[in-house]
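Raw contents of start-v6.csv, CSV, C-alpha atoms and all ligand atoms:
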chain,number,residue,atom,x,y,z
A,1,MET,CA,12.0,6.6,-13.4
A,2,ALA,CA,12.7,3.6,-15.6
A,3,LYS,CA,13.7,0.2,-14.3
A,4,GLU,CA,15.3,0.1,-10.8
A,5,THR,CA,19.1,-0.2,-11.2
A,6,ILE,CA,21.3,-1.9,-8.7
A,7,LEU,CA,25.0,-1.5,-8.7
A,8,VAL,CA,26.6,-4.7,-7.4
A,9,VAL,CA,30.2,-4.1,-6.1
A,10,GLU,CA,32.0,-7.4,-5.4
A,11,ASP,CA,35.5,-8.6,-6.4
A,12,GLU,CA,34.6,-12.3,-6.4
A,13,ASP,CA,33.3,-13.1,-9.8
A,14,GLU,CA,31.2,-16.1,-8.7
A,15,ILE,CA,29.4,-14.2,-5.9
A,16,ARG,CA,28.8,-11.2,-8.1
A,17,GLU,CA,27.4,-13.4,-10.8
A,18,LEU,CA,25.1,-15.1,-8.4
A,19,ILE,CA,23.8,-11.8,-7.1
A,20,ARG,CA,23.4,-10.4,-10.6
A,21,TYR,CA,21.4,-13.5,-11.7
A,22,ASN,CA,19.1,-13.3,-8.7
A,23,LEU,CA,18.4,-9.6,-9.0
A,24,ALA,CA,17.9,-9.8,-12.8
A,25,LYS,CA,15.4,-12.6,-12.2
A,26,GLU,CA,13.5,-10.2,-10.0
A,27,GLY,CA,13.4,-7.6,-12.8
A,28,TYR,CA,16.1,-5.3,-11.6
A,29,GLU,CA,18.6,-3.8,-14.0
A,30,VAL,CA,22.1,-4.7,-12.7
A,31,VAL,CA,25.4,-2.8,-13.1
A,32,GLU,CA,28.5,-4.5,-11.9
A,33,ALA,CA,31.8,-3.3,-10.4
A,34,SER,CA,34.7,-5.4,-9.2
A,35,THR,CA,36.8,-2.7,-7.6
A,36,GLY,CA,36.1,0.3,-5.3
A,37,GLU,CA,37.3,2.7,-7.9
A,38,GLN,CA,34.9,1.3,-10.5
A,39,ALA,CA,32.1,1.5,-8.0
A,40,LEU,CA,32.6,5.2,-7.4
A,41,THR,CA,32.7,5.9,-11.1
A,42,LYS,CA,29.7,3.9,-12.0
A,43,ALA,CA,27.6,5.2,-9.0
A,44,HIS,CA,28.3,8.7,-10.1
A,45,GLU,CA,27.7,8.2,-13.8
A,46,GLN,CA,24.7,5.9,-13.7
A,47,LEU,CA,23.0,6.9,-10.4
A,48,PRO,CA,21.7,3.5,-9.5
A,49,THR,CA,18.6,3.1,-7.3
A,50,LEU,CA,20.6,1.1,-4.8
A,51,VAL,CA,24.2,0.0,-4.2
A,52,LEU,CA,25.1,-3.5,-2.9
A,53,LEU,CA,28.6,-3.1,-1.6
A,54,ASP,CA,31.0,-5.8,-0.5
A,55,LEU,CA,33.2,-4.5,2.3
A,56,MET,CA,36.2,-6.8,1.5
A,57,LEU,CA,37.5,-5.3,-1.7
A,58,PRO,CA,41.2,-5.1,-2.7
A,59,GLU,CA,42.8,-1.6,-2.6
A,60,LEU,CA,39.9,0.8,-2.0
A,61,ASP,CA,37.8,-1.1,0.6
A,62,GLY,CA,34.1,-1.0,1.0
A,63,LEU,CA,34.1,1.3,4.0
A,64,GLU,CA,36.1,3.9,2.1
A,65,VAL,CA,33.8,3.5,-0.9
A,66,CYS,CA,30.8,4.0,1.3
A,67,ARG,CA,32.4,7.1,2.9
A,68,ARG,CA,33.2,8.6,-0.6
A,69,LEU,CA,29.7,7.8,-2.0
A,70,LYS,CA,28.2,9.7,0.9
A,71,ARG,CA,30.3,12.7,-0.1
A,72,ASP,CA,29.4,12.5,-3.8
A,73,TYR,CA,26.9,15.3,-4.4
A,74,LEU,CA,24.9,13.2,-6.8
A,75,ALA,CA,25.2,9.7,-5.3
A,76,GLN,CA,24.9,10.5,-1.6
A,77,HIS,CA,21.2,9.8,-1.6
A,78,VAL,CA,21.5,6.3,-3.1
A,79,PRO,CA,20.9,3.7,-0.4
A,80,ILE,CA,23.8,1.3,0.3
A,81,VAL,CA,23.5,-2.2,1.5
A,82,MET,CA,26.8,-3.7,2.7
A,83,LEU,CA,27.8,-7.3,2.2
A,84,THR,CA,29.8,-8.5,5.1
A,85,ALA,CA,31.4,-11.8,6.3
A,86,LYS,CA,30.0,-13.5,9.3
A,87,GLY,CA,31.6,-12.3,12.6
A,88,GLU,CA,32.5,-8.9,11.3
A,89,GLU,CA,30.2,-6.9,13.5
A,90,SER,CA,32.7,-4.1,13.9
A,91,ASP,CA,32.7,-3.6,10.1
A,92,VAL,CA,28.9,-3.5,10.2
A,93,VAL,CA,29.0,-0.8,12.9
A,94,ALA,CA,31.6,1.2,11.0
A,95,GLY,CA,29.6,0.9,7.8
A,96,LEU,CA,26.4,2.1,9.4
A,97,GLU,CA,28.3,5.0,10.9
A,98,VAL,CA,29.6,6.2,7.6
A,99,GLY,CA,26.1,6.1,6.1
A,100,ALA,CA,25.3,2.6,4.9
A,101,ASP,CA,21.6,1.7,5.2
A,102,ASP,CA,21.6,-2.0,5.9
A,103,TYR,CA,23.8,-5.1,5.6
A,104,ILE,CA,23.6,-8.7,4.6
A,105,THR,CA,25.8,-11.3,6.1
A,106,LYS,CA,27.5,-13.8,3.8
A,107,PRO,CA,26.7,-16.5,3.0
A,108,PHE,CA,23.1,-15.5,2.2
A,109,SER,CA,20.2,-17.1,0.4
A,110,PRO,CA,18.8,-15.4,-2.7
A,111,ARG,CA,15.6,-14.9,-0.9
A,112,VAL,CA,17.2,-13.0,1.9
A,113,LEU,CA,19.1,-10.9,-0.7
A,114,THR,CA,16.0,-9.9,-2.7
A,115,ALA,CA,13.9,-9.3,0.4
A,116,ARG,CA,16.5,-7.0,1.9
A,117,VAL,CA,16.9,-5.1,-1.3
A,118,ARG,CA,13.1,-4.6,-1.6
A,119,ALA,CA,12.9,-3.5,2.0
A,120,VAL,CA,15.6,-0.9,1.6
A,121,LEU,CA,14.2,0.4,-1.7
A,122,ARG,CA,10.8,0.8,0.1
A,123,ARG,CA,12.1,2.8,3.0
A,124,GLY,CA,14.7,4.7,1.0
A,125,SER,CA,18.1,6.0,2.1
A,126,ARG,CA,18.7,7.2,5.7
A,127,THR,CA,20.4,10.1,4.0
A,128,LYS,CA,16.9,11.6,3.8
A,129,VAL,CA,16.1,14.1,1.1
A,130,ASN,CA,15.1,17.3,2.8
A,131,GLU,CA,14.7,20.9,1.8
A,132,THR,CA,18.4,21.4,1.6
A,133,ASP,CA,18.7,18.6,-0.9
A,134,MET,CA,16.5,20.5,-3.2
A,135,ILE,CA,17.7,23.4,-5.2
A,136,ARG,CA,15.1,26.1,-5.9
A,137,ALA,CA,16.0,28.8,-8.2
A,138,HIS,CA,13.5,31.1,-9.9
A,139,ASP,CA,10.8,28.8,-11.2
A,140,LEU,CA,13.1,25.8,-11.2
A,141,VAL,CA,13.2,23.0,-8.7
A,142,ILE,CA,15.8,20.3,-8.7
A,143,HIS,CA,15.2,17.2,-6.5
A,144,LEU,CA,18.7,15.8,-5.9
A,145,GLY,CA,17.4,12.6,-4.3
A,146,ARG,CA,14.8,11.9,-7.0
A,147,HIS,CA,17.0,13.2,-9.9
A,148,GLU,CA,14.1,15.2,-11.0
A,149,VAL,CA,13.9,18.7,-12.4
A,150,LEU,CA,10.7,20.7,-12.4
A,151,VAL,CA,10.0,23.9,-14.2
A,152,ASP,CA,6.8,25.6,-13.0
A,153,GLY,CA,5.9,22.2,-11.4
A,154,GLU,CA,6.3,20.3,-14.7
A,155,PRO,CA,8.9,17.6,-14.8
A,156,VAL,CA,11.6,18.0,-17.5
A,157,PRO,CA,13.2,14.8,-18.7
A,158,LEU,CA,17.0,15.3,-18.8
A,159,THR,CA,19.7,12.9,-19.7
A,160,ASN,CA,22.1,11.9,-16.8
A,161,THR,CA,24.8,14.2,-18.2
A,162,GLU,CA,22.5,17.1,-18.6
A,163,PHE,CA,21.2,16.6,-15.1
A,164,ARG,CA,24.8,16.6,-13.7
A,165,VAL,CA,25.7,19.7,-15.6
A,166,LEU,CA,22.6,21.5,-14.3
A,167,VAL,CA,23.1,20.5,-10.7
A,168,TYR,CA,26.8,21.4,-10.8
A,169,LEU,CA,26.0,25.0,-12.0
A,170,ALA,CA,22.8,25.5,-10.0
A,171,ARG,CA,24.4,24.6,-6.7
A,172,ARG,CA,26.5,27.8,-6.9
A,173,PRO,CA,24.4,30.5,-8.5
A,174,GLY,CA,26.4,33.4,-9.7
A,175,TRP,CA,29.7,31.4,-9.8
A,176,VAL,CA,31.4,31.1,-13.1
A,177,PHE,CA,32.7,27.7,-14.1
A,178,THR,CA,35.1,27.0,-16.9
A,179,ARG,CA,34.3,24.3,-19.4
A,180,TYR,CA,37.2,22.3,-18.0
A,181,GLN,CA,35.7,22.4,-14.5
A,182,ILE,CA,32.4,21.3,-15.8
A,183,VAL,CA,34.0,18.4,-17.7
A,184,ASP,CA,35.9,17.4,-14.6
A,185,ALA,CA,32.7,17.4,-12.5
A,186,VAL,CA,30.6,15.4,-14.8
A,187,HIS,CA,33.2,13.2,-16.5
A,188,GLY,CA,32.2,9.7,-17.3
A,189,GLU,CA,34.1,6.8,-18.6
A,190,ASP,CA,31.7,5.5,-21.2
A,191,TYR,CA,31.0,9.0,-22.3
A,192,PRO,CA,33.8,11.1,-23.9
A,193,VAL,CA,33.0,14.5,-22.3
A,194,THR,CA,35.2,17.1,-24.0
A,195,GLU,CA,35.2,20.9,-23.4
A,196,ARG,CA,33.4,21.1,-26.7
A,197,SER,CA,30.7,18.6,-25.7
A,198,VAL,CA,29.9,20.8,-22.7
A,199,ASP,CA,28.6,23.4,-25.1
A,200,VAL,CA,26.5,20.7,-26.7
A,201,GLN,CA,25.1,19.7,-23.3
A,202,ILE,CA,24.3,23.3,-22.5
A,203,VAL,CA,22.4,23.8,-25.8
A,204,GLY,CA,20.4,20.6,-25.1
A,205,LEU,CA,19.7,21.7,-21.5
A,206,ARG,CA,18.5,25.2,-22.5
A,207,LYS,CA,16.3,23.7,-25.1
A,208,LYS,CA,14.6,21.3,-22.7
A,209,LEU,CA,14.3,23.8,-19.9
A,210,GLY,CA,12.4,26.2,-22.2
A,211,ASP,CA,12.1,29.7,-20.7
A,212,ALA,CA,14.1,28.5,-17.7
A,213,GLY,CA,17.0,27.9,-20.1
A,214,GLN,CA,17.9,31.5,-19.8
A,215,TYR,CA,19.2,30.9,-16.2
A,216,ILE,CA,22.2,29.2,-17.7
A,217,GLU,CA,24.3,32.1,-18.8
A,218,THR,CA,27.2,32.0,-21.1
A,219,VAL,CA,30.2,33.9,-19.8
A,220,ARG,CA,32.1,34.8,-23.0
A,221,GLY,CA,35.6,33.4,-23.2
A,222,VAL,CA,35.3,31.8,-19.8
A,223,GLY,CA,32.5,29.3,-19.4
A,224,TYR,CA,29.0,29.2,-17.8
A,225,ARG,CA,27.2,30.3,-14.7
A,226,PHE,CA,23.7,29.8,-13.2
A,227,LYS,CA,21.9,33.1,-12.9
A,228,GLU,CA,21.8,34.5,-9.4
B,301,CA,CA,35.2,-9.5,-1.6
Translate the structure of the given file into structure tokens.
Ligand code: CA
Amino acid sequence: MAKETILVVEDEDEIRELIRYNLAKEGYEVVEASTGEQALTKAHEQLPTLVLLDLMLPELDGLEVCRRLKRDYLAQHVPIVMLTAKGEESDVVAGLEVGADDYITKPFSPRVLTARVRAVLRRGSRTKVNETDMIRAHDLVIHLGRHEVLVDGEPVPLTNTEFRVLVYLARRPGWVFTRYQIVDAVHGEDYPVTERSVDVQIVGLRKKLGDAGQYIETVRGVGYRFKE
């Protein structure tokens, strides 16, 4: 994997900027979100290595974002560190119960921030990757937690969108999905996914997968399915 990417979710510009500055200085790639909705979209699209999540967000609050991230089939393995205000222990408890991995109490020093981030990255998400988080089909292995695809033990470098399309199909072998369903599942804001571009993704995927590309079957006039 390339540089470690951290998604910083914080509605207060000054705090977000401070965090961004300190993480960037440590060599992390930083993606920012100022609302819960944005956080969900960016986490799903960009699959960060870690999410720093402020709990006090307008509209969709941090707890709800955490809960939804843990239900997102791609983002559920990404560790989440909550940012909480002092004296909000009940929020911390609630956050840990919906799957957050750690928390930092505001105000915090840059050193505490980066130390905590490093520690969580080292031990990984408590949503451990186990056998069920791996899809094995024929000679293909997809590691959901590592976002890695192996064919005959050899890693196949896929783009994010290709990976999402493959996971979406391979999770339900034998099921036919329409192009619209696929678009809906992998849609991204910065990426205009149209029904037509699904075909382009599939062509790219099959090519990269080599012989394993045959497992993605075209169902004429309907869409695609992963071979049973
Ligand atoms: Ca806030």
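You will find CA of Arg179 in chain A at 29.0 Å from CA of Thr49 in chain A.
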Check every protein, DNA and RNA residue against ligand CA 301 (chain B), keep those with an atom at most 12 Å away (counting all atoms listed in the file), and present them as a compact mmCIF listing (two decimals) with C-alpha atoms, in the frame of the given file.
# COMPACT_ATOMS: atom_id res chain seq x y z
CA VAL A 8 26.60 -4.70 -7.40
CA VAL A 9 30.20 -4.10 -6.10
CA GLU A 10 32.00 -7.40 -5.40
CA ASP A 11 35.50 -8.60 -6.40
CA GLU A 12 34.60 -12.30 -6.40
CA ASP A 13 33.30 -13.10 -9.80
CA GLU A 14 31.20 -16.10 -8.70
CA ILE A 15 29.40 -14.20 -5.90
CA ARG A 16 28.80 -11.20 -8.10
CA ALA A 33 31.80 -3.30 -10.40
CA SER A 34 34.70 -5.40 -9.20
CA THR A 35 36.80 -2.70 -7.60
CA GLY A 36 36.10 0.30 -5.30
CA LEU A 52 25.10 -3.50 -2.90
CA LEU A 53 28.60 -3.10 -1.60
CA ASP A 54 31.00 -5.80 -0.50
CA LEU A 55 33.20 -4.50 2.30
CA MET A 56 36.20 -6.80 1.50
CA LEU A 57 37.50 -5.30 -1.70
CA PRO A 58 41.20 -5.10 -2.70
CA GLU A 59 42.80 -1.60 -2.60
CA LEU A 60 39.90 0.80 -2.00
CA ASP A 61 37.80 -1.10 0.60
CA GLY A 62 34.10 -1.00 1.00
CA MET A 82 26.80 -3.70 2.70
CA LEU A 83 27.80 -7.30 2.20
CA THR A 84 29.80 -8.50 5.10
CA ALA A 85 31.40 -11.80 6.30
CA LYS A 106 27.50 -13.80 3.80
CA PRO A 107 26.70 -16.50 3.00
d(CA of Gly124 in chain A, CA of Lys208 in chain A) in Å: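 Between CA of Gly124 in chain A and CA of Lys208 in chain A the gap works out to 28.9 Å.
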Nearest residue to Gly221 in chain A from the set A:Val176, A:Gly95, A:Val117, A:Pro155 (distances using only C-alpha atoms):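 Using only C-alpha atoms, the shortest distance to Gly221 in chain A belongs to A:Val176.
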Exercise: range 163-167 of chain A partners within 7 Å, all atoms listed in the file, chain neighbours under 4 positions left out, as a ChimeraX atom specification: /A:158-159,171,182,186
Shell around Val112 in chain A at 12 Å using all atoms listed in the file, local window under 6 positions removed, as a ChimeraX atom specification: /A:19,22-23,103-106,118-119
Who sits within 10 Å of Leu140 in chain A, only C-alpha atoms, same chain under 5 positions skipped, as an mmCIF file with C-alpha atoms, in the frame of the given file:
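And here is the file that came out, result-v7.cif:
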data_model
loop_
_atom_site.group_PDB
_atom_site.id
_atom_site.type_symbol
_atom_site.label_atom_id
_atom_site.label_comp_id
_atom_site.auth_asym_id
_atom_site.auth_seq_id
_atom_site.Cartn_x
_atom_site.Cartn_y
_atom_site.Cartn_z
ATOM 1 C CA ILE A 135 17.700 23.400 -5.200
ATOM 2 C CA VAL A 149 13.900 18.700 -12.400
ATOM 3 C CA LEU A 150 10.700 20.700 -12.400
ATOM 4 C CA VAL A 151 10.000 23.900 -14.200
ATOM 5 C CA ASP A 152 6.800 25.600 -13.000
ATOM 6 C CA GLY A 153 5.900 22.200 -11.400
ATOM 7 C CA GLU A 154 6.300 20.300 -14.700
ATOM 8 C CA PRO A 155 8.900 17.600 -14.800
ATOM 9 C CA ALA A 170 22.800 25.500 -10.000
ATOM 10 C CA LEU A 209 14.300 23.800 -19.900
ATOM 11 C CA ALA A 212 14.100 28.500 -17.700
ATOM 12 C CA GLY A 213 17.000 27.900 -20.100
ATOM 13 C CA TYR A 215 19.200 30.900 -16.200
#
Pairwise distance for CA of Glu37 in chain A and CA of Leu169 in chain A, rounded to one decimal in Å: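 According to the coordinates, CA of Glu37 in chain A and CA of Leu169 in chain A are separated by 25.3 Å.
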Selection near Pro48 in chain A, 12 Å with only C-alpha atoms, sequence-local residues under 6 positions removed, as a PyMOL selection string: chain A and resi 1-9+28-32+39-42+69+74-80+121+145-147+160
A:Lys227, A:Thr194, A:Asp91, A:Val98 ranked by distance to Arg68 in chain A, top pick (using all atoms listed in the file): A:Val98
Taking every listed atom of range 9-24 of chain A and adding 5 Å to each side, what centre and edge lengths in Å (one decimal) does the axis-aligned box have, as AutoDock Vina command-line options?
--center_x 26.7 --center_y -10.1 --center_z -9.1 --size_x 27.6 --size_y 22.0 --size_z 17.4
Residue nearest Asp211 in chain A among A:Arg225, A:His138, A:Arg116, A:Arg123 (counting all atoms listed in the file):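 Nearest to Asp211 in chain A: A:His138.
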Which residue of A:Gly174, A:Gly204, A:Gly27, A:Gly99 approaches Tyr224 in chain A most closely, using all atoms listed in the file: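 Smallest separation from Tyr224 in chain A among the options: A:Gly174.
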Filtering to all heavy atoms, could range 214-226 of chain A of the supplied structure be written out as a short mmCIF file (atom, residue, chain, number, x, y, z; two decimals), in the first residue's frame?
data_model
loop_
_atom_site.label_atom_id
_atom_site.label_comp_id
_atom_site.auth_asym_id
_atom_site.auth_seq_id
_atom_site.Cartn_x
_atom_site.Cartn_y
_atom_site.Cartn_z
N GLN A 214 -12.34 -14.70 -16.10
CA GLN A 214 -13.51 -15.44 -16.60
C GLN A 214 -14.59 -15.63 -15.54
O GLN A 214 -15.72 -15.96 -15.86
CB GLN A 214 -13.06 -16.82 -17.11
CG GLN A 214 -12.43 -17.63 -16.00
CD GLN A 214 -12.10 -19.05 -16.38
OE1 GLN A 214 -12.89 -19.73 -17.00
NE2 GLN A 214 -10.90 -19.48 -16.01
N TYR A 215 -14.22 -15.44 -14.25
CA TYR A 215 -15.22 -15.62 -13.19
C TYR A 215 -16.26 -14.51 -13.20
O TYR A 215 -17.32 -14.64 -12.62
CB TYR A 215 -14.56 -15.69 -11.81
CG TYR A 215 -13.49 -16.76 -11.70
CD1 TYR A 215 -12.32 -16.54 -11.00
CD2 TYR A 215 -13.68 -18.00 -12.31
CE1 TYR A 215 -11.34 -17.52 -10.91
CE2 TYR A 215 -12.71 -18.98 -12.23
CZ TYR A 215 -11.54 -18.73 -11.53
OH TYR A 215 -10.57 -19.69 -11.45
N ILE A 216 -15.91 -13.41 -13.84
CA ILE A 216 -16.90 -12.34 -13.95
C ILE A 216 -17.66 -12.56 -15.25
O ILE A 216 -17.12 -12.37 -16.34
CB ILE A 216 -16.24 -10.95 -13.94
CG1 ILE A 216 -15.46 -10.77 -12.64
CG2 ILE A 216 -17.29 -9.85 -14.10
CD1 ILE A 216 -14.59 -9.53 -12.63
N GLU A 217 -18.86 -13.01 -15.11
CA GLU A 217 -19.64 -13.38 -16.28
C GLU A 217 -20.61 -12.28 -16.69
O GLU A 217 -21.21 -11.63 -15.84
CB GLU A 217 -20.43 -14.67 -15.99
CG GLU A 217 -19.53 -15.84 -15.62
CD GLU A 217 -20.32 -17.09 -15.26
OE1 GLU A 217 -21.39 -16.97 -14.63
OE2 GLU A 217 -19.85 -18.19 -15.61
N THR A 218 -20.71 -12.10 -18.00
CA THR A 218 -21.68 -11.15 -18.52
C THR A 218 -23.02 -11.85 -18.67
O THR A 218 -23.08 -12.95 -19.21
CB THR A 218 -21.24 -10.65 -19.92
OG1 THR A 218 -19.92 -10.10 -19.80
CG2 THR A 218 -22.18 -9.59 -20.45
N VAL A 219 -24.06 -11.24 -18.14
CA VAL A 219 -25.39 -11.80 -18.33
C VAL A 219 -26.10 -10.88 -19.33
O VAL A 219 -26.45 -9.76 -19.00
CB VAL A 219 -26.17 -11.85 -16.99
CG1 VAL A 219 -27.54 -12.48 -17.20
CG2 VAL A 219 -25.38 -12.64 -15.96
N ARG A 220 -26.19 -11.36 -20.52
CA ARG A 220 -26.65 -10.50 -21.63
C ARG A 220 -27.97 -9.80 -21.35
O ARG A 220 -28.93 -10.41 -20.91
CB ARG A 220 -26.78 -11.32 -22.91
CG ARG A 220 -25.40 -11.49 -23.57
CD ARG A 220 -25.53 -12.04 -24.95
NE ARG A 220 -26.33 -11.15 -25.81
CZ ARG A 220 -26.41 -11.29 -27.12
NH1 ARG A 220 -25.77 -12.27 -27.71
NH2 ARG A 220 -27.14 -10.46 -27.83
N GLY A 221 -27.95 -8.50 -21.61
CA GLY A 221 -29.16 -7.72 -21.45
C GLY A 221 -29.50 -7.41 -19.99
O GLY A 221 -30.45 -6.68 -19.72
N VAL A 222 -28.74 -7.95 -19.06
CA VAL A 222 -29.07 -7.73 -17.65
C VAL A 222 -27.92 -7.07 -16.88
O VAL A 222 -28.05 -5.97 -16.36
CB VAL A 222 -29.45 -9.06 -16.94
CG1 VAL A 222 -29.86 -8.79 -15.50
CG2 VAL A 222 -30.56 -9.78 -17.69
N GLY A 223 -26.78 -7.72 -16.86
CA GLY A 223 -25.66 -7.16 -16.09
C GLY A 223 -24.53 -8.16 -15.95
O GLY A 223 -24.12 -8.80 -16.92
N TYR A 224 -24.08 -8.32 -14.70
CA TYR A 224 -22.94 -9.20 -14.46
C TYR A 224 -23.17 -10.09 -13.24
O TYR A 224 -23.96 -9.78 -12.37
CB TYR A 224 -21.67 -8.37 -14.21
CG TYR A 224 -21.26 -7.57 -15.41
CD1 TYR A 224 -21.61 -6.23 -15.53
CD2 TYR A 224 -20.52 -8.15 -16.43
CE1 TYR A 224 -21.25 -5.48 -16.63
CE2 TYR A 224 -20.15 -7.42 -17.55
CZ TYR A 224 -20.51 -6.08 -17.64
OH TYR A 224 -20.14 -5.36 -18.74
N ARG A 225 -22.42 -11.19 -13.21
CA ARG A 225 -22.44 -12.01 -12.01
C ARG A 225 -21.07 -12.65 -11.84
O ARG A 225 -20.31 -12.83 -12.80
CB ARG A 225 -23.56 -13.05 -12.11
CG ARG A 225 -23.08 -14.44 -12.48
CD ARG A 225 -24.18 -15.43 -12.65
NE ARG A 225 -24.03 -16.06 -13.97
CZ ARG A 225 -25.03 -16.52 -14.71
NH1 ARG A 225 -26.27 -16.41 -14.32
NH2 ARG A 225 -24.78 -17.07 -15.89
N PHE A 226 -20.77 -13.01 -10.59
CA PHE A 226 -19.56 -13.71 -10.29
C PHE A 226 -19.87 -15.20 -10.36
O PHE A 226 -20.84 -15.66 -9.77
CB PHE A 226 -19.04 -13.35 -8.89
CG PHE A 226 -17.62 -13.77 -8.65
CD1 PHE A 226 -16.56 -12.96 -9.07
CD2 PHE A 226 -17.33 -14.97 -8.04
CE1 PHE A 226 -15.25 -13.36 -8.87
CE2 PHE A 226 -16.02 -15.38 -7.84
CZ PHE A 226 -14.98 -14.56 -8.25
#
